[in-house]
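Asks: Before I ask anything, here is the structure I am working with.
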There are 2 protein chains.
Amino acid sequence: MESQKLKQTQRIVLRLFMRGSHENIKRMITKLRPAESAELLAHIRRADQIRFLQLLFEVRMAAPTIRELPDELAKDLINEFKDAMIAEIVRRLSPDDAVDLLGYLPEDRQEQILVQLTEKERWTLERLRLYDEDTAGGRMTTEYIAFPQEITSAEALEELREKHDKSDLLYIYVVDEVNHLTGLLPWRNLVFASGDEKIKDLMVYDPVSIQPDTPQEDVAKLVSDFDLLAVPVVDEERKILGVVTFDDIMEVMEEEATEDMYHLAGLDTAERVFSPVSRSVRLRIPWLLINLLTALLAALTVALFKESISKFVALAVLMPIVANLGGNAGSQSLTVVVRGLALGELEFASRWKAILKEVSVGFCTGSINGLIMALIAYIWYGNLWLSLILFLAMIANMLLAGLFGAVVPLILKWADKDPALGSHILVTTVTDVGGFFIFLGLATVLMGYLNIPL
Amino acid sequence: MESQKLKQTQRIVLRLFMRGSHENIKRMITKLRPAESAELLAHIRRADQIRFLQLLFEVRMAAPTIRELPDELAKDLINEFKDAMIAEIVRRLSPDDAVDLLGYLPEDRQEQILVQLTEKERWTLERLRLYDEDTAGGRMTTEYIAFPQEITSAEALEELREKHDKSDLLYIYVVDEVNHLTGLLPWRNLVFASGDEKIKDLMVYDPVSIQPDTPQEDVAKLVSDFDLLAVPVVDEERKILGVVTFDDIMEVMEEEATEDMYHLAGLDTAERVFSPVSRSVRLRIPWLLINLLTALLAALTVALFKESISKFVALAVLMPIVANLGGNAGSQSLTVVVRGLALGELEFASRWKAILKEVSVGFCTGSINGLIMALIAYIWYGNLWLSLILFLAMIANMLLAGLFGAVVPLILKWADKDPALGSHILVTTVTDVGGFFIFLGLATVLMGYLNIPL
């Protein structure tokens with residue numbers, strides 16, 4: 001197994017490190033794949049990381065390895081190196097990855113490194129830096145193959161042999177005399193052509209394409225729906241600007257899923273599992289303070305009814321149940337709707353259907369849970385009015401949970417915001433405040449009956 | 001834009017449907033890509049869906065379209081068709097997709113369809129059905145290209161031209177005389193070879209491979225770490241069994257992210273945003289009942305201290321704040337750890353580091369939130385002892401939240417279970433029960449001081 005092999009290499013490299021035998025390590029690491037080197041790097045001490053990356057650089061493996069590192073580690077490490085070395089690494093990366101790497105550095109260092117590049121290299125990177133990093137433009141690479149449609153298949157093959165020595169050829173694009181995308185050339189049409197056909201007669205017309213400002217999640221959806229390996233990015237005139245490839249798409253899919261999960265839990269997407277404690281605290285505190293505010297709202301709601309509670313303490317015992325079940329039902333509705341929107345299974349046009357469904361589910365689950373809880377409360381307290389109030393409050397609150405669980409992400413989507421962002425806090429505020437208010441409110445109104453044991 | 005084009009086609013097709021002009025529709029749909037037909041199918045009425053799929057079948061587009069449909073819709077539709085038609089569709093699908101499609105049918109119908117296939121087709125499918133669908137074996141296709149290592153590049157090219165007319169050639173594998181995987185042949189090495197070299201001299205040795213029982217999430221991690229288009233599945237002797245391709249990997253990544261989000265929210269992965277209400281209720285009720293049980297535990301904890309509450313109602317007002325903040329801090333820790341495990345950023349070996357981090361973060365955020373809340377409570381109630389109790393209870397509960405938020409998913413991982421499954425309910429039970437117990441317990445112990453206003 002891979003991981004067996006990796007662990008073995010890891011042990012060997014660590015041992016060699018301790019003996020300081022760099023030549024042995026160099027011989028060893030040329031055999032590692034970039035992902036393996038990255039894995040190794042992530043598991044050694046900082047001082048060793050820097051030495052190891054230096055060695056990788058010497059055997060020309062630093063650039064592909066950095067690509068595979070977690071963002072935060074890559075950022076920390078790259079800032080330890082000199083401008084000349086970073087410039088060399090930047091030169092070896094594909095332009096989109098180079099721009100990402102530059103993004104790890106402070107603005108002034110970025111400039112210092114850019115001036116060390118040739119004008120052409122600099123121009124490419126400057127252009128890519130213009131695009132928002134979460135769009136097709138920010139994700140695309142400018143390294144792709146596009147042939148003029150008038151050349152012959154023999155000429156195209158010859159050019160492939162001479163110029164494009166990279167093995168990761170996904171698609172060959174075809175452009176007209178002014179660089180407009182006109183087609184896509186399947187490799188077998190090229191390889192098995194007689195040699196003198198023009199490639200415009202071998203190509204597939206009208207390939208799927210996207211604009212540079214297309215959000216990355218839409219690009220991912222398109223690529224995965226069509227099972228594409230790559231998708232070309234074109235401007236308004238269909239001039240080809242770059243290509244977004246499947247490996248970027250896989251990264252986007254992971255990022256978008258992380259973003260949704262993090263936003264639902266009230267986390268900043270910049271946090272990682274091994275972010276330093278101080279950073280994690282700084283990133284989590286704003287969310288927790290908003291949460292404190294909403295918890296305070298719930299407490300104020302309870303305070304409205306403190307007279308009733310002091311007369312009838314069972315209310316304080318049972319009220320968390322109403323709020324808790326509502327909160328969980330709300331999370332369920334919210335998660336189904338947020339995920340449905342992310343996967344494209346729910347579109348804004350079907351909003352009413354989704355809302356109606358969640359409200360209906362809320363009503364049904366509320367009735368069932370309310371009935372069970374009313375029974376339990378009756379056995380516990382022997383008070384039919386209390387059970388009735390609990391039953392009604394649970395139905396009402398779980399109905400509210402379904403309503404807000406569906407409406408909140410849909411409104412955010414409609415406002416062109418992330419449907420997951422802050423929606424969980426909003427929904428649980430509604431179910432906490434609503435749950436307490438309905439339950440304690442009903443109890444207060446019916447207090448006269450509550451105190452007559454049935 | 002794509003979606004513009006799609007909407008236009010959709011309108012046209014719908015209009016044609018109403019006029020019943022099948023010939024027009026057929027002409028139209030041959031121009032659609034499978035993903036577009038699938039999109040269209042998802043937006044029309046059931047009766048039209050069946051007619052549309054029938055037409056797709058007649059123009060030989062049913063198989064690729066069904067591949068793109070959401071599982072539930074595919075299942076509903078496929079059950080409407082006759083055995084002969086399904087057998088024909090099965091024949092046109094790649095074996096892994098064919099097995100998935102058969103899985104939509106009841107056991108007895110599967111058998112009826114299998115007998116309509118040739119012995120070879122049946123054997124391939126029967127073999128694939130043996131693997132668990134969430135493993136490499138269940139995900140792999142048996143359609144791949146593998147050449148014997150002793151043939152020449154000219155012979156290989158000739159075979160490619162004659163036999164493999166599919167355009168989705170991702171990798172060419174190389175095997176020895178007994179079908180053991182020995183290498184991978186980059187297409188450019190093949191195309192630009194002189195013709196008489198043996199392909200074993202053109203291939204790359206020792207390609208990454210996996211076993212059929214490798215869980216699908218591990219396959220996805222490997223493929224995305226190494227930026228592969230496909231990965232071969234081999235048995236213990238390195239005999240090649242099949243290939244898992246990038247399009248399956250993208251599906252796996254979506255599925256796994258959905259599973260984690262659903263499990264964190266207490267949802268069954270079988271639910272979809274437009275599952276019928278009755279089905280959603282049935283799937284959600286078990287989770288909500290477990291939740292009711294845990295809420296009851298929290299209520300019993302409160303009941304332990306009903307004397308204290310009736311003496312001092314402020315406790316009932318403030319107790320939800322302690323539980324609520326703890327619950328949210330627990331969700332944060334849990335989500336970071338679950339996602340870290342899913343992305344491979346956290347491994348079981350680093351468990352102590354992760355636990356220590358979450359506990360530290362819990363202590364810090366608990367101190368900050370506790371301090372703020374103590375101040376607010378002091379302004380509100382003017383009782384220093386009450387504020388002190390609140391402060392201590394919030395620190396303790398958010399520390400608990402960090403501890404359990406990290407420990408619960410790690411224990412599940414260690415036990416080879418899904419780290420997200422049920423962990424949210426467990427963690428919030430701890431923070432609810434713990435929060436109430438610590439806050440009300442401290443207040444009860446210090447009740448003598450509480451009633452002396454400072």
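Labels for the structure tokens follow display order: chains A, B, ..., residues from 1 in each chain, ligands from 1.
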Which residues come within 12 Å of Arg279 of chain B, counting only C-alpha atoms, excluding same-chain residues fewer than 5 positions away, as an NGL selection string?
Replies: (:A and (357 or 360-361 or 364-365)) or (:B and (268 or 270-274 or 284-285))
Asks: Kindly save the residues from that selection, with N, CA and C atoms included, as a JSON list (two decimals), in the first residue's frame.
Replies:
```
[["chain", "number", "residue", "atom", "x", "y", "z"],
["A", 357, "LYS", "N", -42.47, 22.09, 1.69],
["A", 357, "LYS", "CA", -42.05, 20.76, 2.15],
["A", 357, "LYS", "C", -41.51, 20.82, 3.57],
["A", 360, "SER", "N", -44.18, 21.41, 6.14],
["A", 360, "SER", "CA", -44.98, 20.20, 6.34],
["A", 360, "SER", "C", -44.23, 19.18, 7.20],
["A", 361, "VAL", "N", -42.94, 18.99, 6.88],
["A", 361, "VAL", "CA", -42.14, 18.06, 7.66],
["A", 361, "VAL", "C", -42.07, 18.53, 9.11],
["A", 364, "CYS", "N", -45.29, 17.70, 10.89],
["A", 364, "CYS", "CA", -45.42, 16.26, 11.19],
["A", 364, "CYS", "C", -44.47, 15.82, 12.30],
["A", 365, "THR", "N", -43.18, 16.19, 12.17],
["A", 365, "THR", "CA", -42.25, 15.76, 13.21],
["A", 365, "THR", "C", -42.59, 16.44, 14.53],
["B", 268, "ASP", "N", -30.44, 11.45, 7.59],
["B", 268, "ASP", "CA", -30.10, 10.23, 6.88],
["B", 268, "ASP", "C", -29.64, 10.60, 5.47],
["B", 270, "ALA", "N", -30.00, 9.19, 2.82],
["B", 270, "ALA", "CA", -30.95, 8.84, 1.76],
["B", 270, "ALA", "C", -31.89, 10.00, 1.44],
["B", 271, "GLU", "N", -31.94, 11.02, 2.32],
["B", 271, "GLU", "CA", -32.87, 12.12, 2.07],
["B", 271, "GLU", "C", -32.32, 13.10, 1.03],
["B", 272, "ARG", "N", -33.22, 13.63, 0.23],
["B", 272, "ARG", "CA", -32.87, 14.68, -0.72],
["B", 272, "ARG", "C", -33.83, 15.84, -0.52],
["B", 273, "VAL", "N", -33.47, 17.00, -1.09],
["B", 273, "VAL", "CA", -34.25, 18.20, -0.82],
["B", 273, "VAL", "C", -35.71, 18.03, -1.26],
["B", 274, "PHE", "N", -35.96, 17.25, -2.30],
["B", 274, "PHE", "CA", -37.35, 17.07, -2.71],
["B", 274, "PHE", "C", -37.86, 15.64, -2.47],
["B", 284, "ARG", "N", -36.24, 11.44, 9.33],
["B", 284, "ARG", "CA", -35.75, 12.36, 10.36],
["B", 284, "ARG", "C", -36.16, 11.97, 11.77],
["B", 285, "ILE", "N", -37.31, 11.27, 11.88],
["B", 285, "ILE", "CA", -37.85, 10.98, 13.20],
["B", 285, "ILE", "C", -36.88, 10.22, 14.11]]
```
Asks: Return as a tab-separated table the residues of chain B lying at most 6 Å from chain A, together with the closest atom-to-atom pair for each and the distance in Å to one decimal, counting only C-alpha atoms, with rows in chain order and ascending residue number.
Replies:
```
residue	atom	partner	partner_atom	distance
B:Ala35	CA	A:Asp225	CA	5.8
B:Asp225	CA	A:Ala35	CA	5.8
B:Phe226	CA	A:Ala35	CA	5.9
B:Asp227	CA	A:Asp247	CA	5.6
B:Asp247	CA	A:Asp227	CA	5.6
B:Ala265	CA	A:Gln332	CA	5.5
B:Val273	CA	A:Val336	CA	5.6
B:Val277	CA	A:Val361	CA	5.8
B:Val281	CA	A:Val361	CA	5.8
B:Ala295	CA	A:Ile321	CA	5.2
B:Ala299	CA	A:Val317	CA	5.1
B:Val302	CA	A:Val317	CA	5.4
B:Ala303	CA	A:Val317	CA	5.5
B:Ser310	CA	A:Ser310	CA	5.2
B:Ala316	CA	A:Ala316	CA	6.0
B:Val317	CA	A:Ala299	CA	5.1
B:Leu318	CA	A:Ala299	CA	5.9
B:Ile321	CA	A:Ala295	CA	5.2
B:Ser331	CA	A:Ala265	CA	5.8
B:Gln332	CA	A:Ala265	CA	5.5
B:Val336	CA	A:Val273	CA	5.6
B:Gly340	CA	A:Val273	CA	5.6
B:Val361	CA	A:Val277	CA	5.7
```
Asks: Suppose you want the space between atom CA of Ala84 of chain A and atom CA of Ile113 of chain A; what is it in Å?
Replies: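 Atom-to-atom, atom CA of Ala84 of chain A to atom CA of Ile113 of chain A, that is 7.3 Å.
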Asks: Please extract the residues of segment 234-330 of chain B with a backbone DSSP assignment of strand (DSSP E or B) and present them as a list in words.
Replies: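 Assigned to strand (DSSP E or B), within segment 234-330 of chain B: Val234, Lys239, Ile240, Leu241, Gly242, Val243, Val244 and Thr245 of chain B.
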Asks: Any chance you could export the current selection's N, CA and C atoms as a PDB file, in the first residue's frame?
Replies:
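File written: part_31.pdb
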```pdb
ATOM      1  N   VAL B 234      -6.089  -3.143  -8.357  1.00  0.00           N
ATOM      2  CA  VAL B 234      -5.384  -4.418  -8.560  1.00  0.00           C
ATOM      3  C   VAL B 234      -5.650  -5.362  -7.395  1.00  0.00           C
ATOM      4  N   LYS B 239      -2.716  -8.090 -10.198  1.00  0.00           N
ATOM      5  CA  LYS B 239      -3.480  -8.269 -11.433  1.00  0.00           C
ATOM      6  C   LYS B 239      -4.497  -7.141 -11.515  1.00  0.00           C
ATOM      7  N   ILE B 240      -4.608  -6.547 -12.691  1.00  0.00           N
ATOM      8  CA  ILE B 240      -5.491  -5.391 -12.827  1.00  0.00           C
ATOM      9  C   ILE B 240      -6.954  -5.836 -12.938  1.00  0.00           C
ATOM     10  N   LEU B 241      -7.815  -5.253 -12.120  1.00  0.00           N
ATOM     11  CA  LEU B 241      -9.232  -5.629 -12.069  1.00  0.00           C
ATOM     12  C   LEU B 241     -10.116  -4.585 -12.733  1.00  0.00           C
ATOM     13  N   GLY B 242      -9.703  -3.333 -12.655  1.00  0.00           N
ATOM     14  CA  GLY B 242     -10.519  -2.265 -13.196  1.00  0.00           C
ATOM     15  C   GLY B 242      -9.862  -0.928 -12.934  1.00  0.00           C
ATOM     16  N   VAL B 243     -10.600   0.137 -13.230  1.00  0.00           N
ATOM     17  CA  VAL B 243     -10.060   1.485 -13.080  1.00  0.00           C
ATOM     18  C   VAL B 243     -11.132   2.386 -12.485  1.00  0.00           C
ATOM     19  N   VAL B 244     -10.741   3.193 -11.499  1.00  0.00           N
ATOM     20  CA  VAL B 244     -11.643   4.224 -10.989  1.00  0.00           C
ATOM     21  C   VAL B 244     -11.253   5.539 -11.649  1.00  0.00           C
ATOM     22  N   THR B 245     -12.223   6.204 -12.288  1.00  0.00           N
ATOM     23  CA  THR B 245     -11.895   7.403 -13.068  1.00  0.00           C
ATOM     24  C   THR B 245     -12.310   8.690 -12.349  1.00  0.00           C
TER      25      THR B 245
END
```
Asks: Need the shell around Ala98 of chain B: protein/DNA/RNA residues with any atom at most 10 Å away, counting only C-alpha atoms. Skip same-chain ones fewer than 2 positions apart. Format as a ChimeraX atom specification?
Replies: /B:63,67,86-87,89-96,100-103,125,128-129,141
